[in-house]
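Visitor: This is the content of structure34.txt (compact mmCIF, C-alpha atoms):
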# COMPACT_ATOMS: atom_id res chain seq x y z
CA MET A 1 51.08 56.21 15.66
CA GLU A 2 54.16 57.84 17.24
CA MET A 3 52.88 61.28 16.20
CA ASN A 4 49.51 60.57 17.82
CA CYS A 5 51.18 59.50 21.07
CA PHE A 6 53.34 62.61 21.01
CA ASN A 7 50.31 64.84 20.47
CA HIS A 8 48.48 63.06 23.27
CA ARG A 9 51.43 63.67 25.66
CA VAL A 10 51.55 67.34 24.66
CA PHE A 11 47.80 67.60 25.24
CA LEU A 12 48.14 66.06 28.72
CA LEU A 13 51.08 68.33 29.56
CA THR A 14 49.03 71.35 28.48
CA LEU A 15 46.26 70.25 30.81
CA LEU A 16 48.59 69.57 33.73
CA LEU A 17 50.76 72.69 33.46
CA PRO A 18 48.26 75.10 35.06
CA ILE A 19 47.74 72.60 37.90
CA VAL A 20 51.51 72.40 38.51
CA VAL A 21 51.78 76.19 38.53
CA ILE A 22 48.90 76.44 41.02
CA LEU A 23 50.48 73.82 43.27
CA VAL A 24 53.88 75.53 43.25
CA GLU A 25 52.32 78.92 43.96
CA GLY A 26 50.25 77.40 46.77
CA GLN A 27 53.38 76.18 48.56
CA GLY A 28 54.46 79.72 49.41
CA THR A 29 53.22 83.24 49.94
CA ARG A 30 52.29 85.67 47.19
CA VAL A 31 51.34 89.31 46.83
CA GLY A 32 47.57 89.68 46.63
CA PHE A 33 46.72 86.38 48.32
CA TYR A 34 43.53 87.93 49.76
CA SER A 35 42.56 89.92 46.64
CA THR A 36 39.26 88.05 46.31
CA SER A 37 38.75 86.48 49.75
CA CYS A 38 39.35 89.69 51.75
CA PRO A 39 40.20 92.61 49.44
CA LYS A 40 40.21 95.22 52.22
CA VAL A 41 42.79 93.45 54.38
CA GLU A 42 45.67 95.84 53.68
CA SER A 43 43.60 99.00 54.11
CA ILE A 44 42.12 97.73 57.39
CA VAL A 45 45.53 96.80 58.82
CA SER A 46 47.05 100.08 57.62
CA SER A 47 44.31 102.26 59.12
CA THR A 48 44.50 100.34 62.40
CA VAL A 49 48.26 100.78 62.71
CA GLN A 50 47.93 104.46 61.79
CA SER A 51 45.24 105.01 64.43
CA HIS A 52 47.39 103.51 67.18
CA PHE A 53 50.50 105.29 65.89
CA LYS A 54 48.80 108.69 66.22
CA SER A 55 48.32 108.19 69.94
CA ASP A 56 51.60 106.33 70.52
CA PRO A 57 54.38 106.62 67.88
CA THR A 58 56.52 104.05 69.73
CA ILE A 59 54.14 101.40 68.45
CA ALA A 60 55.95 101.47 65.06
CA PRO A 61 59.32 100.11 66.19
CA GLY A 62 57.43 97.77 68.51
CA LEU A 63 55.58 96.09 65.65
CA LEU A 64 58.70 95.91 63.48
CA ARG A 65 60.63 94.15 66.28
CA MET A 66 57.72 91.82 66.97
CA HIS A 67 57.64 90.61 63.36
CA PHE A 68 61.40 90.04 63.45
CA HIS A 69 61.17 88.06 66.71
CA ASP A 70 58.24 86.06 65.35
CA CYS A 71 60.08 85.04 62.17
CA PHE A 72 63.27 83.98 63.95
CA VAL A 73 61.38 81.49 66.15
CA GLN A 74 59.34 78.74 64.45
CA GLY A 75 59.16 80.86 61.31
CA CYS A 76 56.73 83.71 60.54
CA ASP A 77 53.66 82.02 61.98
CA GLY A 78 52.31 84.45 64.58
CA SER A 79 53.47 82.21 67.44
CA ILE A 80 54.84 85.30 69.24
CA LEU A 81 51.22 86.43 69.69
CA LEU A 82 50.05 83.35 71.61
CA ASP A 83 49.39 83.64 75.34
CA GLY A 84 50.49 81.05 77.90
CA PRO A 85 52.69 80.66 80.98
CA ASN A 86 55.60 79.38 78.86
CA ALA A 87 54.77 81.02 75.53
CA GLU A 88 57.38 82.77 73.35
CA LYS A 89 56.33 86.20 74.57
CA THR A 90 57.43 85.26 78.12
CA ALA A 91 61.05 84.60 77.05
CA PRO A 92 63.53 87.27 78.27
CA PRO A 93 64.29 88.65 74.75
CA ASN A 94 60.55 89.10 74.15
CA GLN A 95 59.33 90.50 77.44
CA LEU A 96 59.63 94.13 76.34
CA LEU A 97 57.93 93.64 72.96
CA ARG A 98 54.87 95.79 72.46
CA GLY A 99 52.04 96.33 70.00
CA TYR A 100 49.98 93.20 70.68
CA GLU A 101 46.84 95.33 71.06
CA VAL A 102 47.30 96.68 67.51
CA ILE A 103 47.27 93.18 66.03
CA ASP A 104 44.25 92.23 68.17
CA ASP A 105 42.41 95.35 67.03
CA ALA A 106 43.09 94.66 63.35
CA LYS A 107 42.09 91.01 63.77
CA THR A 108 38.77 91.96 65.38
CA GLN A 109 37.95 94.27 62.48
CA LEU A 110 38.96 91.67 59.89
CA GLU A 111 36.91 88.95 61.55
CA SER A 112 33.83 91.16 61.20
CA VAL A 113 34.24 91.48 57.41
CA CYS A 114 36.21 88.33 56.48
CA PRO A 115 35.67 85.77 59.25
CA GLY A 116 38.22 82.97 59.40
CA VAL A 117 40.18 84.19 56.38
CA VAL A 118 43.17 86.35 57.35
CA SER A 119 45.93 84.89 59.52
CA CYS A 120 47.45 86.69 62.49
CA ALA A 121 50.89 86.04 60.97
CA ASP A 122 49.91 88.00 57.86
CA ILE A 123 48.45 90.84 59.93
CA LEU A 124 51.79 91.16 61.75
CA ALA A 125 53.77 91.13 58.49
CA LEU A 126 51.58 93.88 57.04
CA ALA A 127 51.68 95.90 60.26
CA ALA A 128 55.49 95.81 60.28
CA ARG A 129 55.57 97.26 56.74
CA ASP A 130 53.01 99.94 57.65
CA SER A 131 55.10 100.89 60.69
CA VAL A 132 58.10 101.62 58.48
CA VAL A 133 55.96 103.74 56.16
CA LEU A 134 54.56 105.77 59.08
CA THR A 135 58.11 106.63 60.18
CA SER A 136 59.06 107.99 56.72
CA GLY A 137 60.38 104.74 55.28
CA ALA A 138 59.51 103.37 51.85
CA SER A 139 56.74 100.84 51.29
CA TRP A 140 57.09 97.40 49.71
CA ALA A 141 54.72 94.71 48.48
CA VAL A 142 54.15 92.17 51.26
CA PRO A 143 53.54 88.58 50.14
CA THR A 144 50.71 87.01 52.13
CA GLY A 145 49.23 83.56 52.56
CA ARG A 146 50.88 82.54 55.84
CA ARG A 147 48.95 80.38 58.25
CA ASP A 148 49.18 80.57 62.02
CA GLY A 149 51.27 78.21 64.13
CA THR A 150 49.80 76.32 67.07
CA VAL A 151 52.98 75.95 69.15
CA SER A 152 54.63 78.70 71.20
CA GLN A 153 57.40 77.88 73.70
CA SER A 154 59.68 80.31 75.48
CA SER A 155 62.61 77.88 75.21
CA ASP A 156 62.52 78.23 71.41
CA ALA A 157 63.40 81.92 71.73
CA ASN A 158 66.84 81.23 73.22
CA ASN A 159 68.60 81.55 69.87
CA LEU A 160 67.31 85.01 68.93
CA PRO A 161 70.10 87.44 67.97
CA GLY A 162 71.39 89.12 71.13
CA PHE A 163 72.83 92.52 72.01
CA ARG A 164 76.21 91.01 73.00
CA ASP A 165 76.57 88.79 69.91
CA THR A 166 79.78 88.96 67.88
CA VAL A 167 79.45 89.51 64.15
CA ASP A 168 80.31 85.86 63.51
CA VAL A 169 77.50 84.75 65.82
CA GLN A 170 75.09 87.19 64.22
CA LYS A 171 76.01 86.01 60.74
CA GLN A 172 75.51 82.38 61.74
CA LYS A 173 72.10 83.05 63.27
CA PHE A 174 71.00 84.85 60.11
CA ALA A 175 72.53 82.21 57.84
CA ASP A 176 70.58 79.54 59.73
CA LYS A 177 67.44 81.33 58.51
CA GLY A 178 68.62 81.66 54.91
CA LEU A 179 69.71 85.28 55.28
CA ASN A 180 73.12 86.55 54.15
CA THR A 181 75.49 89.20 55.50
CA GLN A 182 73.85 92.00 53.53
CA ASP A 183 70.46 90.97 54.95
CA LEU A 184 71.98 91.07 58.43
CA VAL A 185 73.26 94.64 58.10
CA THR A 186 70.09 95.77 56.34
CA LEU A 187 67.68 94.31 58.88
CA VAL A 188 69.71 95.50 61.87
CA GLY A 189 69.30 98.88 60.20
CA GLY A 190 65.73 98.66 61.44
CA HIS A 191 67.22 100.02 64.67
CA THR A 192 66.97 103.40 62.98
CA ILE A 193 63.66 103.62 64.85
CA GLY A 194 63.02 102.71 68.47
CA THR A 195 64.78 102.60 71.79
CA ALA A 196 66.75 100.31 74.10
CA ALA A 197 66.69 100.16 77.88
CA CYS A 198 69.85 101.21 79.73
CA GLN A 199 70.18 97.71 81.18
CA PHE A 200 71.07 96.37 77.71
CA PHE A 201 74.08 98.60 77.07
CA SER A 202 75.15 100.42 80.27
CA TYR A 203 77.77 97.70 80.91
CA ARG A 204 79.67 99.25 77.99
CA LEU A 205 79.96 102.55 79.85
CA TYR A 206 81.54 101.43 83.13
CA ASN A 207 84.49 99.10 83.77
CA PHE A 208 84.14 97.51 80.34
CA THR A 209 87.95 97.35 80.28
CA SER A 210 90.57 98.04 82.94
CA THR A 211 90.69 101.63 81.71
CA GLY A 212 86.95 102.31 81.51
CA ALA A 213 84.31 102.32 78.78
CA ASP A 214 84.07 100.25 75.61
CA PRO A 215 86.80 101.73 73.36
CA SER A 216 84.59 101.38 70.28
CA ILE A 217 82.32 104.13 71.66
CA ASN A 218 83.17 107.71 70.70
CA PRO A 219 84.73 109.17 73.91
CA ALA A 220 82.56 112.29 73.72
CA PHE A 221 79.47 110.10 73.38
CA VAL A 222 80.40 108.06 76.47
CA SER A 223 79.84 111.02 78.77
CA GLN A 224 76.47 111.72 77.13
CA LEU A 225 75.35 108.13 77.67
CA GLN A 226 76.66 108.08 81.24
CA ALA A 227 74.50 111.13 82.00
CA LEU A 228 71.46 109.32 80.59
CA CYS A 229 72.28 105.97 82.16
CA PRO A 230 74.19 106.58 85.42
CA GLN A 231 75.91 103.63 87.08
CA ASN A 232 73.40 101.78 89.30
CA GLY A 233 70.67 104.01 87.87
CA ASP A 234 67.27 103.13 86.41
CA GLY A 235 67.98 100.22 84.07
CA SER A 236 64.55 100.50 82.47
CA ARG A 237 65.12 104.02 81.16
CA ARG A 238 64.95 103.98 77.37
CA ILE A 239 67.40 105.64 74.96
CA GLY A 240 67.05 106.06 71.19
CA LEU A 241 68.92 103.41 69.21
CA ASP A 242 69.59 105.95 66.46
CA ASN A 243 71.05 108.95 68.24
CA GLY A 244 69.38 112.14 67.04
CA SER A 245 66.87 110.40 64.75
CA ALA A 246 65.12 107.67 66.72
CA ASN A 247 61.68 108.38 65.24
CA LYS A 248 62.59 108.55 61.55
CA PHE A 249 63.39 105.65 59.25
CA ASP A 250 66.62 106.78 57.58
CA THR A 251 70.33 106.00 57.18
CA SER A 252 71.53 108.04 60.16
CA PHE A 253 71.75 104.78 62.14
CA PHE A 254 74.64 103.75 59.89
CA ALA A 255 76.26 107.17 60.23
CA ASN A 256 76.14 106.73 64.00
CA LEU A 257 77.93 103.38 63.70
CA ARG A 258 80.63 105.07 61.63
CA ASP A 259 80.94 107.79 64.29
CA GLY A 260 81.20 105.35 67.21
CA LYS A 261 77.70 106.10 68.44
CA GLY A 262 76.07 102.70 68.19
CA ILE A 263 74.04 102.02 71.33
CA LEU A 264 74.09 98.22 71.36
CA GLU A 265 77.41 96.39 71.30
CA SER A 266 76.14 94.05 68.58
CA ASP A 267 75.20 97.05 66.42
CA GLN A 268 78.54 98.84 66.80
CA ARG A 269 80.37 95.66 65.85
CA LEU A 270 78.92 95.98 62.35
CA TRP A 271 81.37 98.85 61.84
CA THR A 272 84.40 97.24 63.47
CA ASP A 273 84.15 93.98 61.48
CA ASN A 274 85.29 94.32 57.85
CA SER A 275 82.77 91.79 56.53
CA THR A 276 79.85 93.97 57.65
CA LYS A 277 81.53 97.39 57.56
CA THR A 278 81.49 97.32 53.74
CA PHE A 279 77.70 97.19 53.69
CA VAL A 280 77.42 100.01 56.23
CA GLN A 281 79.71 102.09 54.00
CA ARG A 282 77.67 101.24 50.91
CA PHE A 283 74.49 102.44 52.62
CA LEU A 284 76.32 105.65 53.47
CA GLY A 285 77.44 106.12 49.87
CA VAL A 286 81.16 105.99 50.58
CA ARG A 287 83.09 106.96 47.45
CA GLY A 288 84.70 104.08 45.60
CA LEU A 289 82.08 101.52 46.68
CA LEU A 290 78.92 100.46 44.85
CA GLY A 291 76.15 102.29 46.68
CA LEU A 292 73.08 100.66 48.17
CA THR A 293 69.73 102.37 48.75
CA PHE A 294 68.65 101.48 52.28
CA ASN A 295 64.91 101.88 51.73
CA VAL A 296 64.97 99.62 48.69
CA GLU A 297 67.19 96.94 50.24
CA PHE A 298 65.26 96.95 53.50
CA GLY A 299 62.06 96.00 51.69
CA LYS A 300 63.85 93.19 49.84
CA SER A 301 65.40 91.79 53.01
CA MET A 302 62.08 92.06 54.86
CA VAL A 303 60.38 89.97 52.18
CA LYS A 304 63.10 87.32 52.51
CA MET A 305 62.79 87.34 56.29
CA SER A 306 58.99 87.25 56.20
CA ASN A 307 59.14 83.99 54.24
CA ILE A 308 61.19 82.13 56.85
CA GLY A 309 59.51 78.84 57.74
CA VAL A 310 56.04 79.95 56.66
CA LYS A 311 53.10 77.60 57.05
CA THR A 312 50.86 77.51 54.00
CA GLY A 313 48.28 75.27 52.42
CA THR A 314 46.85 72.99 55.11
CA ALA A 315 49.64 73.52 57.67
CA GLY A 316 48.78 75.45 60.83
CA GLU A 317 45.44 77.22 61.14
CA ILE A 318 43.71 80.59 60.80
CA ARG A 319 43.17 81.74 64.37
CA LYS A 320 39.96 83.49 65.34
CA VAL A 321 41.76 85.25 68.18
CA CYS A 322 45.45 85.97 67.72
CA SER A 323 46.41 85.19 71.32
CA LYS A 324 44.70 81.78 71.37
CA VAL A 325 44.88 78.50 69.47
CA ASN A 326 41.46 77.64 68.05
As structure tokens, how would this structure be written, given the file I've shared?
Guide:
Amino acid sequence: MEMNCFNHRVFLLTLLLPIVVILVEGQGTRVGFYSTSCPKVESIVSSTVQSHFKSDPTIAPGLLRMHFHDCFVQGCDGSILLDGPNAEKTAPPNQLLRGYEVIDDAKTQLESVCPGVVSCADILALAARDSVVLTSGASWAVPTGRRDGTVSQSSDANNLPGFRDTVDVQKQKFADKGLNTQDLVTLVGGHTIGTAACQFFSYRLYNFTSTGADPSINPAFVSQLQALCPQNGDGSRRIGLDNGSANKFDTSFFANLRDGKGILESDQRLWTDNSTKTFVQRFLGVRGLLGLTFNVEFGKSMVKMSNIGVKTGTAGEIRKVCSKVN
């Protein structure tokens, strides 16, 4: 009798195990989520990003930043894409984000072949990866299955990492999202592509201290930046975040930090703080330290970031138009 009961329990467990696996998998994202429901999703997003990139290469860093800003507010749920007088995109840190038209274009094409299937949040995650690839970075497998959020408030964007943040503040903001110090340095390395407006760093060039510019800036580089961003000049003028290589996804951003040529104060601090400096050195292959391959680590950290606070299963919705709640 005991043997029969045991066999019966084993039989039930065998039946239930696949159901448990399916339930666990359904609680998160996974690579190939649309393999049967919309098999062309990745090729459609990729070709759309590439088409826009050909006419405007600055779209690549724009989409990468947008994904980052989306994930750090309400999780990676496409809430940054929603329109509204007090939506996330109206918050000061988000006002210069660009690339919305790329996501809208991809969504329109996907709705024509897979109506109501692919989320705007997933389109943005895929577009961010494709942007890195188009700027000579390595690809990575993007888990999909996110659903779109229905709430977007500018006040929620107040805690985004800022250009004046100390390393301790940056580490705390990343830790709050389940990201460690290596993730911080790696993801900030995304500044290897793109630009920043003078208004976000020119304060470092004039009267930063009683003797002049921010001492962490290479003195020779100060004069170069002052010529590009004169005092009381055009604050909207944009300067490459990775001096000499702003359009290529590479490790020169870290070399610039080592050389005192970081544009943003928060970026340069990654070199002056020992807890983050080690990772910068490892990306640069400094002798005596275990090396890290930036392209490989960036993909890993992006996957971690892209799973922050995702909505799956029955949470959220699949928007028909990325800028509007259904």
Visitor: Within 8 Å of Leu264 of chain A, counting all atoms listed in the file, which residues show up once you throw out same-chain ones fewer than 6 positions away? Write them as number ranges by chain, please.
Guide: A: 163-164, 200-201, 241
Visitor: Using all atoms listed in the file, pick whichever of A:Thr58, A:Thr108, A:Gln199, A:Thr209 has the shortest atom-to-atom distance to Cys229 of chain A.
Guide: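 Result for the nearest residue to Cys229 of chain A: A:Gln199.
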Visitor: Write out as a PyMOL selection string each polymer residue whose atoms come within 6 Å of segment 175-190 of chain A, counting all atoms listed in the file; drop sequence neighbours fewer than 2 positions from it.
Guide: chain A and resi 171-173+192+298+301
Visitor: So what do you get for atom CA of Ser306 of chain A versus atom CA of Thr276 of chain A, distance-wise?
Guide: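 One can read the atom CA of Ser306 of chain A to atom CA of Thr276 of chain A distance as 22.0 Å.
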Visitor: Separation of atom CA of Leu284 of chain A and atom CA of Val169 of chain A, in Å?
Guide: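 Computed distance, atom CA of Leu284 of chain A to atom CA of Val169 of chain A, equals 24.3 Å.
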Visitor: Atom CA of Asn295 of chain A to atom CA of Gly194 of chain A: how many Å, to one decimal?
Guide: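 Calculated distance between atom CA of Asn295 of chain A and atom CA of Gly194 of chain A is 16.9 Å.
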Visitor: Using all atoms listed in the file, find the one residue out of A:Val49, A:Val31, A:Cys322, A:Ala255 that sits nearest to Val142 of chain A.
Guide: A:Val31
Visitor: With only C-alpha atoms as the atoms that count, which of A:Ala213, A:Cys198, A:Ser136, A:Arg146 lies nearest to Ser245 of chain A?
Guide: A:Ser136
Visitor: Would you pick out the contacts of Ala220 of chain A at 10 Å or less, using only C-alpha atoms, so that residues sharing its chain but fewer than 4 positions from it are not included, and give the list as a PDB file with C-alpha atoms, in the frame of the given file?
Guide:
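Saved the output as out38.pdb:
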ATOM      1  CA  GLN A 224      76.470 111.720  77.130  1.00  0.00           C
ATOM      2  CA  LEU A 225      75.350 108.130  77.670  1.00  0.00           C
ATOM      3  CA  GLY A 260      81.200 105.350  67.210  1.00  0.00           C
ATOM      4  CA  LYS A 261      77.700 106.100  68.440  1.00  0.00           C
TER       5      LYS A 261
END
Visitor: Please return segment 197-208 of chain A, rebuilt to all heavy atoms, as a JSON list (two decimals), in the frame of the given file.
Guide:
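Result file out-v3.json:
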[["chain", "number", "residue", "atom", "x", "y", "z"],
["A", 197, "ALA", "N", 66.59, 99.85, 76.46],
["A", 197, "ALA", "CA", 66.69, 100.16, 77.88],
["A", 197, "ALA", "C", 68.16, 100.20, 78.30],
["A", 197, "ALA", "O", 68.99, 99.45, 77.77],
["A", 197, "ALA", "CB", 65.94, 99.12, 78.71],
["A", 198, "CYS", "N", 68.47, 101.06, 79.25],
["A", 198, "CYS", "CA", 69.85, 101.21, 79.73],
["A", 198, "CYS", "C", 70.47, 99.88, 80.13],
["A", 198, "CYS", "O", 71.67, 99.66, 79.94],
["A", 198, "CYS", "CB", 69.89, 102.17, 80.92],
["A", 198, "CYS", "SG", 69.59, 103.91, 80.51],
["A", 199, "GLN", "N", 69.66, 98.99, 80.67],
["A", 199, "GLN", "CA", 70.18, 97.71, 81.18],
["A", 199, "GLN", "C", 70.84, 96.87, 80.08],
["A", 199, "GLN", "O", 71.63, 95.98, 80.37],
["A", 199, "GLN", "CB", 69.05, 96.91, 81.82],
["A", 199, "GLN", "CG", 67.92, 96.55, 80.88],
["A", 199, "GLN", "CD", 66.77, 95.83, 81.56],
["A", 199, "GLN", "OE1", 66.97, 94.80, 82.21],
["A", 199, "GLN", "NE2", 65.57, 96.37, 81.45],
["A", 200, "PHE", "N", 70.53, 97.17, 78.81],
["A", 200, "PHE", "CA", 71.07, 96.37, 77.71],
["A", 200, "PHE", "C", 72.37, 96.92, 77.14],
["A", 200, "PHE", "O", 72.98, 96.29, 76.26],
["A", 200, "PHE", "CB", 70.04, 96.23, 76.60],
["A", 200, "PHE", "CG", 68.80, 95.48, 77.03],
["A", 200, "PHE", "CD1", 67.55, 96.08, 76.96],
["A", 200, "PHE", "CD2", 68.89, 94.19, 77.53],
["A", 200, "PHE", "CE1", 66.42, 95.40, 77.38],
["A", 200, "PHE", "CE2", 67.78, 93.50, 77.95],
["A", 200, "PHE", "CZ", 66.52, 94.11, 77.88],
["A", 201, "PHE", "N", 72.82, 98.08, 77.60],
["A", 201, "PHE", "CA", 74.08, 98.60, 77.07],
["A", 201, "PHE", "C", 74.92, 99.36, 78.09],
["A", 201, "PHE", "O", 76.07, 99.70, 77.81],
["A", 201, "PHE", "CB", 73.81, 99.52, 75.87],
["A", 201, "PHE", "CG", 73.05, 100.77, 76.19],
["A", 201, "PHE", "CD1", 73.71, 101.92, 76.60],
["A", 201, "PHE", "CD2", 71.66, 100.80, 76.09],
["A", 201, "PHE", "CE1", 73.01, 103.08, 76.90],
["A", 201, "PHE", "CE2", 70.96, 101.96, 76.38],
["A", 201, "PHE", "CZ", 71.64, 103.10, 76.79],
["A", 202, "SER", "N", 74.40, 99.62, 79.30],
["A", 202, "SER", "CA", 75.15, 100.42, 80.27],
["A", 202, "SER", "C", 76.45, 99.74, 80.71],
["A", 202, "SER", "O", 77.40, 100.41, 81.12],
["A", 202, "SER", "CB", 74.29, 100.74, 81.50],
["A", 202, "SER", "OG", 73.83, 99.55, 82.11],
["A", 203, "TYR", "N", 76.53, 98.41, 80.56],
["A", 203, "TYR", "CA", 77.77, 97.70, 80.91],
["A", 203, "TYR", "C", 78.93, 98.17, 80.04],
["A", 203, "TYR", "O", 80.10, 98.01, 80.41],
["A", 203, "TYR", "CB", 77.57, 96.18, 80.77],
["A", 203, "TYR", "CG", 77.39, 95.71, 79.34],
["A", 203, "TYR", "CD1", 78.47, 95.32, 78.56],
["A", 203, "TYR", "CD2", 76.11, 95.66, 78.77],
["A", 203, "TYR", "CE1", 78.31, 94.90, 77.25],
["A", 203, "TYR", "CE2", 75.93, 95.24, 77.46],
["A", 203, "TYR", "CZ", 77.03, 94.87, 76.71],
["A", 203, "TYR", "OH", 76.87, 94.45, 75.42],
["A", 204, "ARG", "N", 78.62, 98.74, 78.89],
["A", 204, "ARG", "CA", 79.67, 99.25, 77.99],
["A", 204, "ARG", "C", 80.27, 100.56, 78.50],
["A", 204, "ARG", "O", 81.34, 100.97, 78.05],
["A", 204, "ARG", "CB", 79.10, 99.49, 76.59],
["A", 204, "ARG", "CG", 78.50, 98.27, 75.92],
["A", 204, "ARG", "CD", 77.94, 98.64, 74.54],
["A", 204, "ARG", "NE", 79.00, 99.03, 73.61],
["A", 204, "ARG", "CZ", 78.82, 99.82, 72.57],
["A", 204, "ARG", "NH1", 77.63, 100.36, 72.33],
["A", 204, "ARG", "NH2", 79.82, 100.11, 71.76],
["A", 205, "LEU", "N", 79.57, 101.20, 79.42],
["A", 205, "LEU", "CA", 79.96, 102.55, 79.85],
["A", 205, "LEU", "C", 80.85, 102.56, 81.10],
["A", 205, "LEU", "O", 81.52, 103.55, 81.37],
["A", 205, "LEU", "CB", 78.70, 103.38, 80.15],
["A", 205, "LEU", "CG", 77.63, 103.40, 79.05],
["A", 205, "LEU", "CD1", 76.42, 104.20, 79.52],
["A", 205, "LEU", "CD2", 78.20, 103.97, 77.76],
["A", 206, "TYR", "N", 80.83, 101.46, 81.84],
["A", 206, "TYR", "CA", 81.54, 101.43, 83.13],
["A", 206, "TYR", "C", 82.34, 100.13, 83.26],
["A", 206, "TYR", "O", 81.78, 99.04, 83.14],
["A", 206, "TYR", "CB", 80.55, 101.53, 84.29],
["A", 206, "TYR", "CG", 79.59, 102.69, 84.18],
["A", 206, "TYR", "CD1", 78.32, 102.52, 83.64],
["A", 206, "TYR", "CD2", 79.96, 103.97, 84.61],
["A", 206, "TYR", "CE1", 77.44, 103.59, 83.53],
["A", 206, "TYR", "CE2", 79.09, 105.05, 84.50],
["A", 206, "TYR", "CZ", 77.83, 104.85, 83.96],
["A", 206, "TYR", "OH", 76.96, 105.92, 83.86],
["A", 207, "ASN", "N", 83.63, 100.26, 83.50],
["A", 207, "ASN", "CA", 84.49, 99.10, 83.77],
["A", 207, "ASN", "C", 84.42, 98.03, 82.69],
["A", 207, "ASN", "O", 84.52, 96.83, 82.97],
["A", 207, "ASN", "CB", 84.13, 98.48, 85.13],
["A", 207, "ASN", "CG", 84.20, 99.49, 86.27],
["A", 207, "ASN", "OD1", 85.14, 100.27, 86.36],
["A", 207, "ASN", "ND2", 83.17, 99.49, 87.11],
["A", 208, "PHE", "N", 84.18, 98.45, 81.46],
["A", 208, "PHE", "CA", 84.14, 97.51, 80.34],
["A", 208, "PHE", "C", 85.54, 96.91, 80.13],
["A", 208, "PHE", "O", 85.69, 95.74, 79.83],
["A", 208, "PHE", "CB", 83.66, 98.22, 79.07],
["A", 208, "PHE", "CG", 83.46, 97.30, 77.90],
["A", 208, "PHE", "CD1", 82.27, 96.59, 77.75],
["A", 208, "PHE", "CD2", 84.44, 97.16, 76.92],
["A", 208, "PHE", "CE1", 82.08, 95.74, 76.66],
["A", 208, "PHE", "CE2", 84.25, 96.32, 75.83],
["A", 208, "PHE", "CZ", 83.07, 95.60, 75.70]]
